[in-house]
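Shown below: query.pdb, with PDB, C-alpha atoms.
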```pdb
ATOM      1  CA  MET A   1       0.000   0.000   0.000
ATOM      2  CA  THR A   2       1.277   3.465  -0.905
ATOM      3  CA  GLN A   3       2.352   5.610   2.017
ATOM      4  CA  ILE A   4      -0.015   8.595   2.322
ATOM      5  CA  ASP A   5       1.465  11.990   3.139
ATOM      6  CA  LEU A   6      -0.921  12.687   6.016
ATOM      7  CA  PRO A   7      -1.895  16.206   7.076
ATOM      8  CA  SER A   8      -0.871  17.637  10.440
ATOM      9  CA  PRO A   9      -1.736  20.651  12.612
ATOM     10  CA  ALA A  10       1.239  22.437  11.019
ATOM     11  CA  SER A  11       0.036  21.543   7.508
ATOM     12  CA  PRO A  12      -3.683  20.804   7.686
ATOM     13  CA  LEU A  13      -5.951  19.386   4.992
ATOM     14  CA  LYS A  14      -8.327  22.203   4.023
ATOM     15  CA  ILE A  15     -12.002  21.235   3.876
ATOM     16  CA  GLY A  16     -14.202  23.687   1.968
ATOM     17  CA  THR A  17     -17.866  24.157   2.821
ATOM     18  CA  ARG A  18     -20.735  26.594   2.806
ATOM     19  CA  GLY A  19     -21.334  28.357   6.096
ATOM     20  CA  SER A  20     -24.875  27.290   6.962
ATOM     21  CA  PRO A  21     -25.323  25.255  10.157
ATOM     22  CA  LEU A  22     -26.203  22.159   8.108
ATOM     23  CA  ALA A  23     -23.226  22.573   5.740
ATOM     24  CA  LEU A  24     -20.911  22.957   8.729
ATOM     25  CA  ALA A  25     -22.380  19.848  10.385
ATOM     26  CA  GLN A  26     -21.597  17.909   7.201
ATOM     27  CA  ALA A  27     -18.026  19.266   7.119
ATOM     28  CA  TYR A  28     -17.527  18.338  10.787
ATOM     29  CA  GLU A  29     -18.772  14.804  10.074
ATOM     30  CA  THR A  30     -16.305  14.528   7.191
ATOM     31  CA  ARG A  31     -13.478  15.752   9.414
ATOM     32  CA  ALA A  32     -14.427  13.324  12.193
ATOM     33  CA  ARG A  33     -14.495  10.357   9.792
ATOM     34  CA  LEU A  34     -11.115  11.263   8.265
ATOM     35  CA  ALA A  35      -9.569  11.886  11.687
ATOM     36  CA  ALA A  36     -10.810   8.503  12.932
ATOM     37  CA  ALA A  37      -9.698   6.659   9.781
ATOM     38  CA  PHE A  38      -6.128   7.937  10.055
ATOM     39  CA  ASP A  39      -5.871   8.464  13.837
ATOM     40  CA  LEU A  40      -5.330  12.205  13.438
ATOM     41  CA  PRO A  41      -6.309  15.120  15.704
ATOM     42  CA  ASP A  42      -9.098  17.455  14.577
ATOM     43  CA  ASP A  43      -6.615  20.277  14.060
ATOM     44  CA  ALA A  44      -4.904  18.287  11.301
ATOM     45  CA  PHE A  45      -7.897  19.582   9.300
ATOM     46  CA  GLU A  46      -9.014  23.145   8.671
ATOM     47  CA  ILE A  47     -12.652  23.925   7.934
ATOM     48  CA  VAL A  48     -12.719  26.722   5.347
ATOM     49  CA  VAL A  49     -16.075  28.504   5.045
ATOM     50  CA  ILE A  50     -16.779  29.788   1.539
ATOM     51  CA  LYS A  51     -19.642  32.167   0.825
ATOM     52  CA  THR A  52     -21.552  31.086  -2.273
ATOM     53  CA  THR A  53     -24.012  33.036  -4.403
ATOM     54  CA  GLY A  54     -26.774  30.886  -2.937
ATOM     55  CA  ASP A  55     -25.955  32.190   0.555
ATOM     56  CA  ASN A  56     -26.705  35.787  -0.433
ATOM     57  CA  GLN A  57     -29.286  37.050   2.072
ATOM     58  CA  ALA A  58     -30.960  39.294  -0.521
ATOM     59  CA  LEU A  59     -31.586  36.274  -2.746
ATOM     60  CA  ILE A  60     -32.982  34.285   0.161
ATOM     61  CA  ALA A  61     -35.237  37.174   1.173
ATOM     62  CA  ALA A  62     -36.509  37.470  -2.406
ATOM     63  CA  ASP A  63     -38.086  34.004  -2.088
ATOM     64  CA  LYS A  64     -37.634  33.268  -5.783
ATOM     65  CA  PRO A  65     -37.256  29.751  -7.190
ATOM     66  CA  LEU A  66     -33.657  28.592  -7.600
ATOM     67  CA  LYS A  67     -34.306  28.096 -11.303
ATOM     68  CA  GLU A  68     -34.774  31.867 -11.715
ATOM     69  CA  LEU A  69     -31.621  32.607  -9.731
ATOM     70  CA  GLY A  70     -29.256  30.266 -11.566
ATOM     71  CA  GLY A  71     -29.961  26.690 -10.440
ATOM     72  CA  LYS A  72     -27.678  24.305  -8.609
ATOM     73  CA  GLY A  73     -24.455  26.160  -9.395
ATOM     74  CA  LEU A  74     -25.537  28.792  -6.864
ATOM     75  CA  PHE A  75     -24.295  26.545  -4.063
ATOM     76  CA  THR A  76     -21.147  25.184  -5.682
ATOM     77  CA  LYS A  77     -19.487  27.682  -8.060
ATOM     78  CA  GLU A  78     -17.284  29.553  -5.567
ATOM     79  CA  ILE A  79     -16.378  26.363  -3.683
ATOM     80  CA  GLU A  80     -15.318  24.624  -6.901
ATOM     81  CA  GLU A  81     -13.285  27.653  -7.962
ATOM     82  CA  ASP A  82     -11.358  27.491  -4.656
ATOM     83  CA  LEU A  83     -10.877  23.748  -5.116
ATOM     84  CA  LEU A  84      -9.466  24.207  -8.615
ATOM     85  CA  SER A  85      -7.158  27.024  -7.465
ATOM     86  CA  GLY A  86      -5.791  24.947  -4.568
ATOM     87  CA  ALA A  87      -7.199  27.245  -1.872
ATOM     88  CA  ILE A  88      -8.901  24.151  -0.411
ATOM     89  CA  ASP A  89      -8.080  20.437  -0.734
ATOM     90  CA  ILE A  90     -11.550  18.870  -0.665
ATOM     91  CA  ALA A  91     -15.118  20.188  -0.731
ATOM     92  CA  VAL A  92     -18.130  18.825   1.169
ATOM     93  CA  HIS A  93     -21.545  19.070  -0.497
ATOM     94  CA  SER A  94     -25.169  18.081  -0.016
ATOM     95  CA  MET A  95     -25.536  15.749  -2.977
ATOM     96  CA  LYS A  96     -29.047  16.903  -3.832
ATOM     97  CA  ASP A  97     -27.546  20.351  -4.527
ATOM     98  CA  MET A  98     -24.909  18.994  -6.922
ATOM     99  CA  PRO A  99     -25.090  19.267 -10.708
ATOM    100  CA  VAL A 100     -24.690  15.902 -12.437
ATOM    101  CA  GLN A 101     -21.580  17.161 -14.272
ATOM    102  CA  GLN A 102     -18.438  18.327 -12.480
ATOM    103  CA  PRO A 103     -16.103  20.993 -13.909
ATOM    104  CA  ASP A 104     -13.005  19.754 -15.767
ATOM    105  CA  GLY A 105     -10.327  18.831 -13.256
ATOM    106  CA  LEU A 106     -12.712  17.891 -10.434
ATOM    107  CA  MET A 107     -14.070  14.510  -9.286
ATOM    108  CA  LEU A 108     -16.949  13.524  -7.073
ATOM    109  CA  ASP A 109     -16.635   9.862  -6.131
ATOM    110  CA  THR A 110     -16.728   9.779  -2.325
ATOM    111  CA  TYR A 111     -19.955   9.535  -0.344
ATOM    112  CA  LEU A 112     -20.566   9.253   3.386
ATOM    113  CA  PRO A 113     -23.194   6.795   4.704
ATOM    114  CA  ARG A 114     -26.615   8.091   3.696
ATOM    115  CA  GLU A 115     -28.992   9.581   6.247
ATOM    116  CA  ASP A 116     -32.804   9.302   6.281
ATOM    117  CA  VAL A 117     -33.953  10.000   2.705
ATOM    118  CA  ARG A 118     -37.488  11.093   3.608
ATOM    119  CA  ASP A 119     -39.045  14.538   3.529
ATOM    120  CA  ALA A 120     -40.360  15.990   6.764
ATOM    121  CA  PHE A 121     -43.740  17.690   7.223
ATOM    122  CA  ILE A 122     -43.138  20.656   9.529
ATOM    123  CA  SER A 123     -46.013  22.313  11.366
ATOM    124  CA  PRO A 124     -46.547  23.544  14.923
ATOM    125  CA  SER A 125     -50.125  22.227  14.955
ATOM    126  CA  LEU A 126     -50.601  19.618  12.199
ATOM    127  CA  THR A 127     -49.034  16.211  11.572
ATOM    128  CA  SER A 128     -49.680  15.530   7.884
ATOM    129  CA  ILE A 129     -50.678  17.000   4.527
ATOM    130  CA  HIS A 130     -54.043  15.286   5.029
ATOM    131  CA  ASP A 131     -54.729  17.584   8.012
ATOM    132  CA  LEU A 132     -54.483  20.753   5.905
ATOM    133  CA  ALA A 133     -57.722  22.632   5.351
ATOM    134  CA  LYS A 134     -58.849  23.396   1.802
ATOM    135  CA  GLY A 135     -56.858  26.317   0.396
ATOM    136  CA  ALA A 136     -54.252  26.213   3.174
ATOM    137  CA  VAL A 137     -51.024  28.146   2.621
ATOM    138  CA  VAL A 138     -48.003  25.840   2.335
ATOM    139  CA  GLY A 139     -44.409  27.077   2.083
ATOM    140  CA  THR A 140     -41.678  25.381   0.041
ATOM    141  CA  SER A 141     -38.810  26.476  -2.225
ATOM    142  CA  SER A 142     -38.650  23.081  -3.929
ATOM    143  CA  LEU A 143     -40.319  22.778  -7.325
ATOM    144  CA  ARG A 144     -40.441  18.997  -6.786
ATOM    145  CA  ARG A 145     -42.305  19.279  -3.492
ATOM    146  CA  ARG A 146     -44.581  21.968  -4.915
ATOM    147  CA  ALA A 147     -45.532  19.755  -7.881
ATOM    148  CA  GLN A 148     -46.013  16.672  -5.685
ATOM    149  CA  LEU A 149     -48.204  18.610  -3.242
ATOM    150  CA  LEU A 150     -50.363  20.152  -5.966
ATOM    151  CA  HIS A 151     -50.696  16.767  -7.687
ATOM    152  CA  ARG A 152     -52.220  15.344  -4.514
ATOM    153  CA  ARG A 153     -53.915  18.509  -3.251
ATOM    154  CA  PRO A 154     -54.573  20.982  -6.094
ATOM    155  CA  ASP A 155     -56.553  23.163  -3.684
ATOM    156  CA  LEU A 156     -53.454  24.141  -1.681
ATOM    157  CA  ASN A 157     -51.897  27.598  -1.978
ATOM    158  CA  VAL A 158     -48.149  26.921  -2.298
ATOM    159  CA  VAL A 159     -45.876  29.922  -1.643
ATOM    160  CA  GLN A 160     -42.108  30.337  -2.044
ATOM    161  CA  PHE A 161     -40.159  29.605   1.141
ATOM    162  CA  ARG A 162     -36.368  29.887   0.888
ATOM    163  CA  GLY A 163     -33.527  29.893   3.402
ATOM    164  CA  ASN A 164     -31.787  27.458   5.722
ATOM    165  CA  VAL A 165     -33.544  25.402   8.383
ATOM    166  CA  GLN A 166     -33.520  28.228  10.937
ATOM    167  CA  THR A 167     -34.846  30.808   8.466
ATOM    168  CA  ARG A 168     -37.709  28.581   7.374
ATOM    169  CA  LEU A 169     -38.721  27.776  10.942
ATOM    170  CA  ARG A 170     -38.768  31.480  11.760
ATOM    171  CA  LYS A 171     -41.046  32.174   8.775
ATOM    172  CA  LEU A 172     -43.366  29.407   9.972
ATOM    173  CA  SER A 173     -43.519  30.892  13.467
ATOM    174  CA  GLU A 174     -44.370  34.264  11.903
ATOM    175  CA  GLY A 175     -47.407  32.694  10.237
ATOM    176  CA  VAL A 176     -46.214  33.047   6.634
ATOM    177  CA  ALA A 177     -47.526  29.509   6.032
ATOM    178  CA  GLU A 178     -49.256  26.715   7.941
ATOM    179  CA  CYS A 179     -46.568  24.187   7.189
ATOM    180  CA  THR A 180     -43.330  23.654   5.320
ATOM    181  CA  PHE A 181     -41.118  20.765   4.329
ATOM    182  CA  LEU A 182     -37.492  19.935   5.056
ATOM    183  CA  ALA A 183     -35.301  16.891   4.596
ATOM    184  CA  MET A 184     -35.274  14.536   7.585
ATOM    185  CA  ALA A 185     -31.523  14.151   6.996
ATOM    186  CA  GLY A 186     -30.881  17.809   7.752
ATOM    187  CA  LEU A 187     -32.939  17.742  10.940
ATOM    188  CA  ASN A 188     -31.110  14.604  12.100
ATOM    189  CA  ARG A 189     -27.658  15.997  11.310
ATOM    190  CA  LEU A 190     -28.476  19.156  13.250
ATOM    191  CA  ALA A 191     -29.961  17.102  16.120
ATOM    192  CA  MET A 192     -33.122  19.202  15.903
ATOM    193  CA  ALA A 193     -35.417  16.824  17.744
ATOM    194  CA  ASP A 194     -37.434  19.796  19.029
ATOM    195  CA  VAL A 195     -38.653  20.740  15.539
ATOM    196  CA  PRO A 196     -42.317  19.753  15.013
ATOM    197  CA  ALA A 197     -41.502  17.293  12.217
ATOM    198  CA  ASN A 198     -43.237  14.185  10.930
ATOM    199  CA  ALA A 199     -41.460  11.976   8.380
ATOM    200  CA  ILE A 200     -43.360  11.447   5.116
ATOM    201  CA  GLU A 201     -43.067   7.907   3.791
ATOM    202  CA  THR A 202     -41.472   7.618   0.361
ATOM    203  CA  ASN A 203     -44.662   6.070  -1.059
ATOM    204  CA  ASP A 204     -46.424   9.365  -0.264
ATOM    205  CA  MET A 205     -43.650  11.751  -1.362
ATOM    206  CA  LEU A 206     -40.710  10.388  -3.329
ATOM    207  CA  PRO A 207     -37.610  12.372  -2.329
ATOM    208  CA  ALA A 208     -35.184  14.367  -4.440
ATOM    209  CA  VAL A 209     -32.413  12.465  -6.170
ATOM    210  CA  ALA A 210     -29.507  11.948  -3.721
ATOM    211  CA  GLN A 211     -31.447  13.378  -0.760
ATOM    212  CA  GLY A 212     -29.723  12.616   2.548
ATOM    213  CA  ALA A 213     -26.306  11.986   0.967
ATOM    214  CA  ILE A 214     -23.069  13.900   1.530
ATOM    215  CA  GLY A 215     -20.555  13.974  -1.314
ATOM    216  CA  ILE A 216     -16.889  14.970  -1.162
ATOM    217  CA  GLU A 217     -15.273  16.557  -4.211
ATOM    218  CA  ARG A 218     -11.556  16.705  -4.988
ATOM    219  CA  ARG A 219      -9.144  17.602  -7.756
ATOM    220  CA  THR A 220      -8.773  14.745 -10.233
ATOM    221  CA  SER A 221      -4.989  15.059 -10.035
ATOM    222  CA  ASP A 222      -4.807  14.948  -6.204
ATOM    223  CA  SER A 223      -3.830  11.358  -5.417
ATOM    224  CA  ARG A 224      -3.324  12.093  -1.700
ATOM    225  CA  ALA A 225      -6.911  13.306  -1.313
ATOM    226  CA  ALA A 226      -8.099  10.322  -3.374
ATOM    227  CA  ASP A 227      -6.285   7.862  -1.098
ATOM    228  CA  MET A 228      -7.583   9.505   2.076
ATOM    229  CA  LEU A 229     -11.166   9.743   0.849
ATOM    230  CA  ALA A 230     -11.187   6.096  -0.220
ATOM    231  CA  ALA A 231     -10.938   5.210   3.478
ATOM    232  CA  ILE A 232     -14.288   6.863   4.316
ATOM    233  CA  HIS A 233     -16.278   6.156   1.123
ATOM    234  CA  ASP A 234     -19.552   4.291   1.658
ATOM    235  CA  GLN A 235     -19.969   1.826  -1.203
ATOM    236  CA  GLN A 236     -23.703   1.278  -0.812
ATOM    237  CA  THR A 237     -24.440   5.007  -0.950
ATOM    238  CA  GLY A 238     -22.273   5.190  -4.061
ATOM    239  CA  GLN A 239     -24.197   2.356  -5.702
ATOM    240  CA  ARG A 240     -27.537   3.985  -4.951
ATOM    241  CA  LEU A 241     -26.440   7.404  -6.186
ATOM    242  CA  ALA A 242     -24.996   5.946  -9.386
ATOM    243  CA  ALA A 243     -28.522   4.865 -10.347
ATOM    244  CA  GLU A 244     -30.273   8.013  -9.128
ATOM    245  CA  ARG A 245     -27.844  10.485 -10.701
ATOM    246  CA  ALA A 246     -27.839   8.587 -14.014
ATOM    247  CA  PHE A 247     -31.638   8.909 -13.979
ATOM    248  CA  LEU A 248     -31.368  12.641 -13.255
ATOM    249  CA  ALA A 249     -28.648  13.224 -15.864
ATOM    250  CA  ALA A 250     -30.657  11.494 -18.580
ATOM    251  CA  LEU A 251     -33.623  13.739 -17.757
ATOM    252  CA  ASP A 252     -31.350  16.805 -17.895
ATOM    253  CA  GLY A 253     -32.489  17.540 -14.364
ATOM    254  CA  SER A 254     -31.406  20.151 -11.858
ATOM    255  CA  CYS A 255     -32.536  20.774  -8.291
ATOM    256  CA  GLU A 256     -35.222  23.054  -9.687
ATOM    257  CA  THR A 257     -36.980  20.577 -11.930
ATOM    258  CA  PRO A 258     -39.879  18.470 -10.651
ATOM    259  CA  ILE A 259     -38.028  15.156 -10.615
ATOM    260  CA  ALA A 260     -37.897  12.612  -7.790
ATOM    261  CA  GLY A 261     -35.876   9.423  -7.584
ATOM    262  CA  LEU A 262     -34.822   6.853  -5.013
ATOM    263  CA  ALA A 263     -32.674   3.734  -5.257
ATOM    264  CA  GLU A 264     -32.693   1.136  -2.477
ATOM    265  CA  LEU A 265     -30.625  -2.020  -2.052
ATOM    266  CA  ASP A 266     -31.811  -5.468  -1.004
ATOM    267  CA  GLY A 267     -29.056  -8.052  -1.116
ATOM    268  CA  THR A 268     -27.678  -7.984  -4.658
ATOM    269  CA  THR A 269     -30.749  -6.209  -6.061
ATOM    270  CA  LEU A 270     -31.281  -2.484  -6.601
ATOM    271  CA  ARG A 271     -34.786  -1.063  -6.749
ATOM    272  CA  LEU A 272     -35.214   2.307  -8.458
ATOM    273  CA  ARG A 273     -38.305   4.454  -8.296
ATOM    274  CA  GLY A 274     -38.571   7.571 -10.429
ATOM    275  CA  GLU A 275     -41.157  10.294 -10.895
ATOM    276  CA  VAL A 276     -41.487  13.333 -13.154
ATOM    277  CA  LEU A 277     -44.219  15.918 -12.793
ATOM    278  CA  ARG A 278     -45.558  18.986 -14.508
ATOM    279  CA  PRO A 279     -44.578  22.026 -12.386
ATOM    280  CA  ASP A 280     -48.256  22.779 -11.675
ATOM    281  CA  GLY A 281     -48.823  19.225 -10.422
ATOM    282  CA  SER A 282     -51.470  18.537 -13.044
ATOM    283  CA  GLU A 283     -49.736  15.360 -14.219
ATOM    284  CA  ALA A 284     -47.228  12.885 -12.786
ATOM    285  CA  ILE A 285     -45.520   9.931 -14.482
ATOM    286  CA  SER A 286     -43.670   7.339 -12.441
ATOM    287  CA  ASP A 287     -41.899   4.007 -12.722
ATOM    288  CA  ASP A 288     -40.601   1.338 -10.330
ATOM    289  CA  GLN A 289     -38.070  -1.280 -11.480
ATOM    290  CA  SER A 290     -35.366  -3.545 -10.076
ATOM    291  CA  CYS A 291     -32.050  -4.872 -11.418
ATOM    292  CA  PRO A 292     -28.698  -6.270 -10.237
ATOM    293  CA  ILE A 293     -26.813  -3.574  -8.297
ATOM    294  CA  GLU A 294     -24.059  -3.293 -10.915
ATOM    295  CA  ASP A 295     -26.655  -2.373 -13.567
ATOM    296  CA  GLY A 296     -28.103   0.507 -11.533
ATOM    297  CA  ALA A 297     -26.768   3.347 -13.673
ATOM    298  CA  GLU A 298     -28.025   1.695 -16.846
ATOM    299  CA  LEU A 299     -31.459   1.230 -15.250
ATOM    300  CA  GLY A 300     -31.454   4.928 -14.347
ATOM    301  CA  ARG A 301     -30.844   5.888 -17.966
ATOM    302  CA  THR A 302     -33.408   3.375 -19.281
ATOM    303  CA  MET A 303     -36.070   4.546 -16.829
ATOM    304  CA  ALA A 304     -35.456   8.174 -17.755
ATOM    305  CA  ALA A 305     -35.838   7.353 -21.464
ATOM    306  CA  LYS A 306     -39.084   5.501 -20.745
ATOM    307  CA  LEU A 307     -40.542   8.408 -18.770
ATOM    308  CA  LEU A 308     -39.444  10.932 -21.413
ATOM    309  CA  ASP A 309     -41.181   8.823 -24.043
ATOM    310  CA  GLN A 310     -44.353   8.543 -21.942
ATOM    311  CA  ALA A 311     -44.360  12.263 -21.216
ATOM    312  CA  GLY A 312     -44.337  13.261 -24.854
ATOM    313  CA  GLU A 313     -44.064  16.729 -26.373
ATOM    314  CA  GLY A 314     -44.661  19.723 -24.105
ATOM    315  CA  PHE A 315     -44.610  17.853 -20.776
ATOM    316  CA  PHE A 316     -41.213  19.215 -19.792
ATOM    317  CA  ASP A 317     -42.048  22.854 -20.411
ATOM    318  CA  TRP A 318     -39.504  23.830 -17.735
ATOM    319  CA  LYS A 319     -36.721  22.728 -20.125
ATOM    320  CA  ARG A 320     -37.226  25.722 -22.390
TER
END
```
Do you think you could lay out the structure here as structure tokens?
Amino acid sequence: MTQIDLPSPASPLKIGTRGSPLALAQAYETRARLAAAFDLPDDAFEIVVIKTTGDNQALIAADKPLKELGGKGLFTKEIEEDLLSGAIDIAVHSMKDMPVQQPDGLMLDTYLPREDVRDAFISPSLTSIHDLAKGAVVGTSSLRRRAQLLHRRPDLNVVQFRGNVQTRLRKLSEGVAECTFLAMAGLNRLAMADVPANAIETNDMLPAVAQGAIGIERRTSDSRAADMLAAIHDQQTGQRLAAERAFLAALDGSCETPIAGLAELDGTTLRLRGEVLRPDGSEAISDDQSCPIEDGAELGRTMAAKLLDQAGEGFFDWKR
């Protein structure tokens, strides 16, 4: 085995991240796993907070859909620029925020063990979408969740609701909406057991592709980072995301397109469920198939082609 030139407090490995509480929790988890894998102190790693366009408070306050503001790159552009320039050594990302293509010179092939994939229904007084009165105001910044909600409950009034976990909870307490939705993974990683959350089963609301997964990006040429990250990579998460992200890529999806997908493993079998919706929720097309784990990415592409064919002309009007 090749000897790895390990970092030290005098020459730490620089971990780039956004500055939100959830992003920092993910960076700390990455640091803890690397420190444990190589028996290193925490200060052999430096957490470098990078402000991204998506963290701009004016944008958050505007409550506009991400699609109008620039899509997924909002949360990654500045971090990837620092990675390419060598200002940081690795970057930690929420995988559901990541474009399916990485910039030249960068690789994304390390995933930490996946958290709860489900969405959470958040309300101080209600426990489920079924409890909402006709015409109730519901807050979400996710086009996927909006479409899924309106498909099931076209009577709901869905309003834009952007910001991190804390911002959204504050808006809820101010009465901007009766409920909102977050990822269970984020609540768990922030140990926010006090939040009035109820998990929504995946049969009721299929999650975003790669929801609950943390990915770690590095320079393609950095063999030291590659060797270190290999020690903390979770193979099963990688296998699941290979199928989900192939499905997303074949649909030309971003985090602001109404696409849902979830791969699950059972022994040597991978089950993939996929769903595409019109943004107004008026129509949804879904599929559910299984295959050997190693064929997951191919199944993702095949399923996407099938759904595109079923959808026909004009269904994906958000692609214009």
What lies within 12 Å of Arg301 of chain A using all atoms listed in the file, ignoring chain neighbours under 5 positions off, as a tab-separated table (two decimals) with C-alpha atoms, keeping the file's coordinate frame?
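Just written: result.tsv:
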```tsv
chain	number	residue	atom	x	y	z
A	242	ALA	CA	-25.00	5.95	-9.39
A	243	ALA	CA	-28.52	4.86	-10.35
A	244	GLU	CA	-30.27	8.01	-9.13
A	245	ARG	CA	-27.84	10.48	-10.70
A	246	ALA	CA	-27.84	8.59	-14.01
A	247	PHE	CA	-31.64	8.91	-13.98
A	248	LEU	CA	-31.37	12.64	-13.26
A	249	ALA	CA	-28.65	13.22	-15.86
A	250	ALA	CA	-30.66	11.49	-18.58
A	251	LEU	CA	-33.62	13.74	-17.76
A	252	ASP	CA	-31.35	16.80	-17.90
A	272	LEU	CA	-35.21	2.31	-8.46
A	274	GLY	CA	-38.57	7.57	-10.43
A	295	ASP	CA	-26.66	-2.37	-13.57
A	296	GLY	CA	-28.10	0.51	-11.53
A	306	LYS	CA	-39.08	5.50	-20.74
A	307	LEU	CA	-40.54	8.41	-18.77
A	308	LEU	CA	-39.44	10.93	-21.41
```
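Taking atom CA of Leu169 of chain A and atom CA of Val137 of chain A as the two end points, the separation is 14.9 Å.
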Across A:Ala193, A:Glu178, A:Val92, A:Gln166, the smallest distance to Ile129 of chain A, with only C-alpha atoms counted, is shown by A:Glu178
Mind checking which residues fall within 8 Å of Gly105 of chain A, counting all atoms listed in the file, ignoring those fewer than 6 positions away in the same chain, and posting them as a list of chain:residue names?
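Contacts, with the query itself left out: A:Leu84, A:Arg219, A:Thr220, A:Ser221.
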Would you list the contacts of Met205 of chain A as a PyMOL selection string, taking every protein, DNA or RNA residue within 8 Å and counting only C-alpha atoms, but skipping same-chain residues closer than 3 positions in sequence?
chain A and resi 118-119+145+148+200-202
Just the selected residues (C-alpha atoms), exported as a PDB file, in the frame of the given file, please.
```pdb
ATOM      1  CA  ARG A 118     -37.488  11.093   3.608  1.00  0.00           C
ATOM      2  CA  ASP A 119     -39.045  14.538   3.529  1.00  0.00           C
ATOM      3  CA  ARG A 145     -42.305  19.279  -3.492  1.00  0.00           C
ATOM      4  CA  GLN A 148     -46.013  16.672  -5.685  1.00  0.00           C
ATOM      5  CA  ILE A 200     -43.360  11.447   5.116  1.00  0.00           C
ATOM      6  CA  GLU A 201     -43.067   7.907   3.791  1.00  0.00           C
ATOM      7  CA  THR A 202     -41.472   7.618   0.361  1.00  0.00           C
TER       8      THR A 202
END
```
Could you check which of A:Pro292, A:Gly261, A:Gly19, A:Gly135 is closest to Val48 of chain A, using all atoms listed in the file?
A:Gly19
As JSON, numbers by chain, please: the residues near Ile90 of chain A (cut-off 6 Å, all atoms listed in the file, same-chain neighbours under 2 positions excluded).
{"A": [15, 88, 217, 218]}
Report as a PDB file with C-alpha atoms, in the frame of the given file all protein, DNA and RNA residues lying within 9 Å of segment 264-267 of chain A, evaluated on all atoms listed in the file, omitting residues in the same chain fewer than 6 positions from it.
```pdb
ATOM      1  CA  GLN A 236     -23.703   1.278  -0.812  1.00  0.00           C
ATOM      2  CA  GLN A 239     -24.197   2.356  -5.702  1.00  0.00           C
ATOM      3  CA  ARG A 240     -27.537   3.985  -4.951  1.00  0.00           C
ATOM      4  CA  ARG A 273     -38.305   4.454  -8.296  1.00  0.00           C
ATOM      5  CA  ILE A 293     -26.813  -3.574  -8.297  1.00  0.00           C
TER       6      ILE A 293
END
```
With the cut-off set at 12 Å and counting only C-alpha atoms, tabulate each residue of segment 101-160 of chain A with an atom at most that distance from an atom of segment 21-38 of chain A, showing the nearest atom pair and its distance in Å to one decimal, ordered by chain and increasing number, as a Markdown table.
```
| residue | atom | partner | partner_atom | distance |
| --- | --- | --- | --- | --- |
| A:Thr110 | CA | A:Thr30 | CA | 10.6 |
| A:Tyr111 | CA | A:Thr30 | CA | 9.7 |
| A:Leu112 | CA | A:Thr30 | CA | 7.8 |
| A:Pro113 | CA | A:Glu29 | CA | 10.6 |
| A:Arg114 | CA | A:Gln26 | CA | 11.6 |
| A:Glu115 | CA | A:Gln26 | CA | 11.2 |
```
Residues in the PyMOL selection byres ((chain A and resi 277) around 10), expressed as a ChimeraX atom specification
/A:143-144,146-148,151,257-260,275-276,278-286,311,315-316
Given the file shown, determine the residues that the PyMOL selection byres ((chain A and resi 195) around 9) selects; report them as a PDB file with C-alpha atoms, in the coordinates of the input.
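Dumped everything to selection_17.pdb:
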```pdb
ATOM      1  CA  ILE A 122     -43.138  20.656   9.529  1.00  0.00           C
ATOM      2  CA  SER A 123     -46.013  22.313  11.366  1.00  0.00           C
ATOM      3  CA  PRO A 124     -46.547  23.544  14.923  1.00  0.00           C
ATOM      4  CA  LEU A 169     -38.721  27.776  10.942  1.00  0.00           C
ATOM      5  CA  LEU A 187     -32.939  17.742  10.940  1.00  0.00           C
ATOM      6  CA  MET A 192     -33.122  19.202  15.903  1.00  0.00           C
ATOM      7  CA  ALA A 193     -35.417  16.824  17.744  1.00  0.00           C
ATOM      8  CA  ASP A 194     -37.434  19.796  19.029  1.00  0.00           C
ATOM      9  CA  PRO A 196     -42.317  19.753  15.013  1.00  0.00           C
ATOM     10  CA  ALA A 197     -41.502  17.293  12.217  1.00  0.00           C
TER      11      ALA A 197
END
```
Just checking: using only C-alpha atoms, which residue out of A:Pro41, A:Gly212, A:Gly300, A:Gly16 ends up closest to Thr76 of chain A?
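So, comparing all the options, the nearest one is A:Gly16.
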I need the residue nearest Gly215 of chain A from this list: A:Ala120, A:Ala305, A:Ala44, A:Leu241. Use all atoms listed in the file for the distance.
A:Leu241
I need the residue nearest Pro207 of chain A from this list: A:Glu298, A:Glu313, A:Asp109, A:Asp116. Use all atoms listed in the file for the distance.
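Smallest distance to Pro207 of chain A is found for A:Asp116.
Here, the PyMOL selection byres ((chain A and resi 7) around 12) matches Ile4, Asp5, Leu6, Ser8, Pro9, Ala10, Ser11, Pro12, Leu13, Lys14, Ile15, Arg31, Leu34, Ala35, Phe38, Asp39, Leu40, Pro41, Asp42, Asp43, Ala44, Phe45, Glu46, Asp89, Arg224, Ala225 and Met228 of chain A.
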Measure the distance from atom CA of Ala133 of chain A to atom CA of Ser173 of chain A in Å and round it to one decimal.
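So the answer is 18.3 Å.
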How far is it from atom CA of Asp309 of chain A to atom CA of Asp288 of chain A, in Å with one decimal?
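Value for the atom CA of Asp309 of chain A-atom CA of Asp288 of chain A distance: 15.6 Å.
Residue nearest Val158 of chain A, chosen from A:Val138, A:Ala226, A:Leu172, A:Leu270 and counting only C-alpha atoms: A:Val138.
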